[in-house]
Amino acid sequence: MIDLSENPSADEVESLFVELLAGDPEDEIALRGSSRYVHRVSRVSVSAIQDAKKQTSPIESCPPFRVEISNPGMLDTLTLRGCARPAPGPAEVEILVIGGCP
């Protein structure tokens, strides 16, 4: 899958042709301007997580929000929207994103 902006720039169209001809094994790519984005997962030490947590504000000071997409399939339309913060139900989890409030 190759994801382009809703109105691709000339750079994105050129990058698309380069991507199609490259034969790269990546199977999910997002092109924005002259930038290329792919999924990456990397190991992080527990101490790095603890250090990052010390630099963030407590979750109580962050207003609750959810991520919405106004045009499915177009990543550029992802938006943060304020919402009520419900408690997790059975078989649900709540995730604290380290890095501060949006």
# chains A, B, ... in the order shown; residues from 1 in each chain; ligands from 1
$ select_by_dssp --residues "chain A" --states "strand (DSSP E or B)" --output "PDB file with C-alpha atoms, in the first residue's frame"
ATOM      1  CA  ILE A   2       1.298   3.433  -0.892  1.00  0.00           C
ATOM      2  CA  ASP A   3      -0.450   6.397   0.742  1.00  0.00           C
ATOM      3  CA  ILE A  29       4.576   3.397   2.665  1.00  0.00           C
ATOM      4  CA  ALA A  30       3.327   6.969   3.082  1.00  0.00           C
ATOM      5  CA  LEU A  31       4.703   9.673   0.809  1.00  0.00           C
ATOM      6  CA  ARG A  32       4.399  13.334   1.815  1.00  0.00           C
ATOM      7  CA  SER A  35       9.511  12.531   2.550  1.00  0.00           C
ATOM      8  CA  ARG A  36       8.960   8.762   2.759  1.00  0.00           C
ATOM      9  CA  TYR A  37       7.501   7.121   5.877  1.00  0.00           C
ATOM     10  CA  VAL A  38       7.421   3.415   6.806  1.00  0.00           C
ATOM     11  CA  PHE A  65      -9.166  13.153  23.448  1.00  0.00           C
ATOM     12  CA  ARG A  66      -9.676  10.615  20.714  1.00  0.00           C
ATOM     13  CA  VAL A  67      -8.287  10.327  17.217  1.00  0.00           C
ATOM     14  CA  GLU A  68     -10.858  10.604  14.421  1.00  0.00           C
ATOM     15  CA  ILE A  69     -10.555  10.375  10.680  1.00  0.00           C
ATOM     16  CA  LEU A  78      -6.629  12.348  11.237  1.00  0.00           C
ATOM     17  CA  THR A  79      -7.750  14.828  13.902  1.00  0.00           C
ATOM     18  CA  LEU A  80      -7.640  15.004  17.695  1.00  0.00           C
ATOM     19  CA  ARG A  81     -11.072  15.653  19.219  1.00  0.00           C
ATOM     20  CA  GLY A  82     -11.868  16.330  22.860  1.00  0.00           C
TER      21      GLY A  82
END
$ select_by_dssp --residues "stretch 12-91 of chain A" --states "alpha helix (DSSP H)" --output "CSV table (one decimal) with N, CA and C atoms, in the first residue's frame"
chain,number,residue,atom,x,y,z
A,12,GLU,N,5.5,14.3,-4.6
A,12,GLU,CA,4.9,13.0,-4.2
A,12,GLU,C,4.7,12.1,-5.4
A,13,VAL,N,4.3,12.7,-6.5
A,13,VAL,CA,4.1,11.9,-7.8
A,13,VAL,C,5.4,11.4,-8.2
A,14,GLU,N,6.4,12.2,-8.2
A,14,GLU,CA,7.8,11.7,-8.6
A,14,GLU,C,8.2,10.6,-7.7
A,15,SER,N,8.0,10.8,-6.3
A,15,SER,CA,8.4,9.7,-5.4
A,15,SER,C,7.6,8.5,-5.6
A,16,LEU,N,6.4,8.6,-6.0
A,16,LEU,CA,5.6,7.4,-6.3
A,16,LEU,C,6.2,6.6,-7.4
A,17,PHE,N,6.6,7.2,-8.5
A,17,PHE,CA,7.2,6.5,-9.6
A,17,PHE,C,8.5,5.9,-9.2
A,18,VAL,N,9.3,6.6,-8.4
A,18,VAL,CA,10.6,6.0,-7.9
A,18,VAL,C,10.3,4.8,-7.0
A,19,GLU,N,9.3,4.9,-6.2
A,19,GLU,CA,8.9,3.8,-5.3
A,19,GLU,C,8.4,2.6,-6.1
A,20,LEU,N,7.6,2.8,-7.1
A,20,LEU,CA,7.1,1.7,-7.9
A,20,LEU,C,8.2,0.9,-8.7
A,21,LEU,N,9.2,1.7,-9.1
A,21,LEU,CA,10.3,1.1,-9.8
A,21,LEU,C,11.4,0.5,-9.0
A,22,ALA,N,11.5,0.9,-7.7
A,22,ALA,CA,12.6,0.5,-6.8
A,22,ALA,C,12.6,-1.0,-6.4
A,46,VAL,N,13.6,-0.1,29.8
A,46,VAL,CA,12.7,0.3,30.8
A,46,VAL,C,13.2,1.7,31.4
A,47,SER,N,14.5,1.8,31.6
A,47,SER,CA,15.0,3.1,32.1
A,47,SER,C,14.7,4.3,31.2
A,48,ALA,N,14.7,4.1,29.9
A,48,ALA,CA,14.3,5.2,28.9
A,48,ALA,C,12.9,5.5,29.1
A,49,ILE,N,12.0,4.5,29.3
A,49,ILE,CA,10.6,4.8,29.5
A,49,ILE,C,10.4,5.5,30.8
A,50,GLN,N,11.1,5.1,31.9
A,50,GLN,CA,10.9,5.8,33.2
A,50,GLN,C,11.4,7.2,33.1
A,51,ASP,N,12.5,7.5,32.4
A,51,ASP,CA,13.0,8.8,32.2
A,51,ASP,C,12.0,9.7,31.4
A,52,ALA,N,11.4,9.2,30.4
A,52,ALA,CA,10.5,9.9,29.6
A,52,ALA,C,9.2,10.2,30.4
A,53,LYS,N,8.8,9.3,31.3
A,53,LYS,CA,7.7,9.5,32.1
A,53,LYS,C,7.9,10.6,33.1
A,54,LYS,N,9.1,10.8,33.6
A,54,LYS,CA,9.4,11.9,34.5
A,54,LYS,C,9.3,13.2,33.9
$ closest_residue --among "A:Asp27, A:Val41, A:Glu94, A:Ser34" --to "A:Met1" --atoms "only C-alpha atoms"
A:Asp27
$ atom_distance --atom1 "atom CA of A:Asp24" --atom2 "atom CA of A:Pro8"
21.2 Å
$ decode --residues "chain A" --atoms "C-alpha atoms" --output "PDB file, in the first residue's frame"
ATOM      1  CA  MET A   1       0.000   0.000   0.000  1.00  0.00           C
ATOM      2  CA  ILE A   2       1.298   3.433  -0.892  1.00  0.00           C
ATOM      3  CA  ASP A   3      -0.450   6.397   0.742  1.00  0.00           C
ATOM      4  CA  LEU A   4      -0.330   9.838  -0.875  1.00  0.00           C
ATOM      5  CA  SER A   5      -1.800  13.177   0.207  1.00  0.00           C
ATOM      6  CA  GLU A   6      -5.353  13.938  -0.901  1.00  0.00           C
ATOM      7  CA  ASN A   7      -3.852  16.415  -3.396  1.00  0.00           C
ATOM      8  CA  PRO A   8      -0.390  14.972  -4.141  1.00  0.00           C
ATOM      9  CA  SER A   9       2.387  17.435  -4.868  1.00  0.00           C
ATOM     10  CA  ALA A  10       4.731  17.022  -7.832  1.00  0.00           C
ATOM     11  CA  ASP A  11       7.345  15.679  -5.362  1.00  0.00           C
ATOM     12  CA  GLU A  12       4.933  12.973  -4.197  1.00  0.00           C
ATOM     13  CA  VAL A  13       4.069  11.929  -7.755  1.00  0.00           C
ATOM     14  CA  GLU A  14       7.774  11.715  -8.602  1.00  0.00           C
ATOM     15  CA  SER A  15       8.402   9.744  -5.373  1.00  0.00           C
ATOM     16  CA  LEU A  16       5.561   7.383  -6.310  1.00  0.00           C
ATOM     17  CA  PHE A  17       7.223   6.514  -9.633  1.00  0.00           C
ATOM     18  CA  VAL A  18      10.582   6.013  -7.902  1.00  0.00           C
ATOM     19  CA  GLU A  19       8.886   3.793  -5.296  1.00  0.00           C
ATOM     20  CA  LEU A  20       7.108   1.663  -7.904  1.00  0.00           C
ATOM     21  CA  LEU A  21      10.339   1.088  -9.835  1.00  0.00           C
ATOM     22  CA  ALA A  22      12.571   0.485  -6.798  1.00  0.00           C
ATOM     23  CA  GLY A  23      11.412  -3.048  -5.989  1.00  0.00           C
ATOM     24  CA  ASP A  24      11.667  -2.306  -2.256  1.00  0.00           C
ATOM     25  CA  PRO A  25      10.223  -5.027   0.044  1.00  0.00           C
ATOM     26  CA  GLU A  26       8.286  -2.475   2.160  1.00  0.00           C
ATOM     27  CA  ASP A  27       4.562  -3.166   1.881  1.00  0.00           C
ATOM     28  CA  GLU A  28       3.175  -0.016   3.545  1.00  0.00           C
ATOM     29  CA  ILE A  29       4.576   3.397   2.665  1.00  0.00           C
ATOM     30  CA  ALA A  30       3.327   6.969   3.082  1.00  0.00           C
ATOM     31  CA  LEU A  31       4.703   9.673   0.809  1.00  0.00           C
ATOM     32  CA  ARG A  32       4.399  13.334   1.815  1.00  0.00           C
ATOM     33  CA  GLY A  33       6.208  15.829  -0.361  1.00  0.00           C
ATOM     34  CA  SER A  34       9.748  14.521  -0.721  1.00  0.00           C
ATOM     35  CA  SER A  35       9.511  12.531   2.550  1.00  0.00           C
ATOM     36  CA  ARG A  36       8.960   8.762   2.759  1.00  0.00           C
ATOM     37  CA  TYR A  37       7.501   7.121   5.877  1.00  0.00           C
ATOM     38  CA  VAL A  38       7.421   3.415   6.806  1.00  0.00           C
ATOM     39  CA  HIS A  39       6.533   1.482   9.969  1.00  0.00           C
ATOM     40  CA  ARG A  40       9.354   0.847  12.403  1.00  0.00           C
ATOM     41  CA  VAL A  41       9.317  -0.823  15.805  1.00  0.00           C
ATOM     42  CA  SER A  42      12.375  -0.610  17.998  1.00  0.00           C
ATOM     43  CA  ARG A  43      13.353  -1.835  21.434  1.00  0.00           C
ATOM     44  CA  VAL A  44      13.303   0.687  24.268  1.00  0.00           C
ATOM     45  CA  SER A  45      14.831   0.085  27.681  1.00  0.00           C
ATOM     46  CA  VAL A  46      12.720   0.314  30.825  1.00  0.00           C
ATOM     47  CA  SER A  47      14.980   3.107  32.108  1.00  0.00           C
ATOM     48  CA  ALA A  48      14.332   5.161  28.945  1.00  0.00           C
ATOM     49  CA  ILE A  49      10.584   4.800  29.501  1.00  0.00           C
ATOM     50  CA  GLN A  50      10.941   5.794  33.157  1.00  0.00           C
ATOM     51  CA  ASP A  51      13.032   8.836  32.193  1.00  0.00           C
ATOM     52  CA  ALA A  52      10.451   9.906  29.595  1.00  0.00           C
ATOM     53  CA  LYS A  53       7.655   9.476  32.108  1.00  0.00           C
ATOM     54  CA  LYS A  54       9.412  11.853  34.536  1.00  0.00           C
ATOM     55  CA  GLN A  55       9.428  14.548  31.839  1.00  0.00           C
ATOM     56  CA  THR A  56       5.676  14.376  31.168  1.00  0.00           C
ATOM     57  CA  SER A  57       2.743  15.828  33.033  1.00  0.00           C
ATOM     58  CA  PRO A  58       0.398  13.507  34.927  1.00  0.00           C
ATOM     59  CA  ILE A  59      -2.494  12.148  32.892  1.00  0.00           C
ATOM     60  CA  GLU A  60      -4.959  14.042  35.091  1.00  0.00           C
ATOM     61  CA  SER A  61      -3.672  17.351  33.679  1.00  0.00           C
ATOM     62  CA  CYS A  62      -4.219  16.281  30.055  1.00  0.00           C
ATOM     63  CA  PRO A  63      -7.704  16.742  28.649  1.00  0.00           C
ATOM     64  CA  PRO A  64      -9.098  13.476  27.231  1.00  0.00           C
ATOM     65  CA  PHE A  65      -9.166  13.153  23.448  1.00  0.00           C
ATOM     66  CA  ARG A  66      -9.676  10.615  20.714  1.00  0.00           C
ATOM     67  CA  VAL A  67      -8.287  10.327  17.217  1.00  0.00           C
ATOM     68  CA  GLU A  68     -10.858  10.604  14.421  1.00  0.00           C
ATOM     69  CA  ILE A  69     -10.555  10.375  10.680  1.00  0.00           C
ATOM     70  CA  SER A  70     -12.921  12.459   8.563  1.00  0.00           C
ATOM     71  CA  ASN A  71     -12.045  10.761   5.261  1.00  0.00           C
ATOM     72  CA  PRO A  72     -11.228   7.032   5.711  1.00  0.00           C
ATOM     73  CA  GLY A  73      -8.097   6.051   3.841  1.00  0.00           C
ATOM     74  CA  MET A  74      -6.589   9.550   3.983  1.00  0.00           C
ATOM     75  CA  LEU A  75      -4.112   9.754   6.866  1.00  0.00           C
ATOM     76  CA  ASP A  76      -3.909  13.532   6.475  1.00  0.00           C
ATOM     77  CA  THR A  77      -7.468  13.795   7.795  1.00  0.00           C
ATOM     78  CA  LEU A  78      -6.629  12.348  11.237  1.00  0.00           C
ATOM     79  CA  THR A  79      -7.750  14.828  13.902  1.00  0.00           C
ATOM     80  CA  LEU A  80      -7.640  15.004  17.695  1.00  0.00           C
ATOM     81  CA  ARG A  81     -11.072  15.653  19.219  1.00  0.00           C
ATOM     82  CA  GLY A  82     -11.868  16.330  22.860  1.00  0.00           C
ATOM     83  CA  CYS A  83     -14.102  13.746  24.516  1.00  0.00           C
ATOM     84  CA  ALA A  84     -15.283  12.420  27.873  1.00  0.00           C
ATOM     85  CA  ARG A  85     -12.842   9.939  29.398  1.00  0.00           C
ATOM     86  CA  PRO A  86     -14.692   6.714  30.175  1.00  0.00           C
ATOM     87  CA  ALA A  87     -13.179   4.138  32.499  1.00  0.00           C
ATOM     88  CA  PRO A  88     -11.955   1.009  30.689  1.00  0.00           C
ATOM     89  CA  GLY A  89     -14.496  -1.792  30.677  1.00  0.00           C
ATOM     90  CA  PRO A  90     -13.900  -5.547  30.976  1.00  0.00           C
ATOM     91  CA  ALA A  91     -11.265  -6.778  28.509  1.00  0.00           C
ATOM     92  CA  GLU A  92     -10.278  -3.154  27.653  1.00  0.00           C
ATOM     93  CA  VAL A  93      -7.074  -1.288  28.425  1.00  0.00           C
ATOM     94  CA  GLU A  94      -6.196   2.372  28.820  1.00  0.00           C
ATOM     95  CA  ILE A  95      -2.936   3.507  27.259  1.00  0.00           C
ATOM     96  CA  LEU A  96      -0.816   6.370  28.589  1.00  0.00           C
ATOM     97  CA  VAL A  97       1.129   7.947  25.759  1.00  0.00           C
ATOM     98  CA  ILE A  98       4.483   9.197  27.008  1.00  0.00           C
ATOM     99  CA  GLY A  99       5.402  12.586  25.638  1.00  0.00           C
ATOM    100  CA  GLY A 100       2.963  15.040  27.145  1.00  0.00           C
ATOM    101  CA  CYS A 101      -0.405  16.397  26.159  1.00  0.00           C
ATOM    102  CA  PRO A 102      -1.319  16.937  22.520  1.00  0.00           C
TER     103      PRO A 102
END
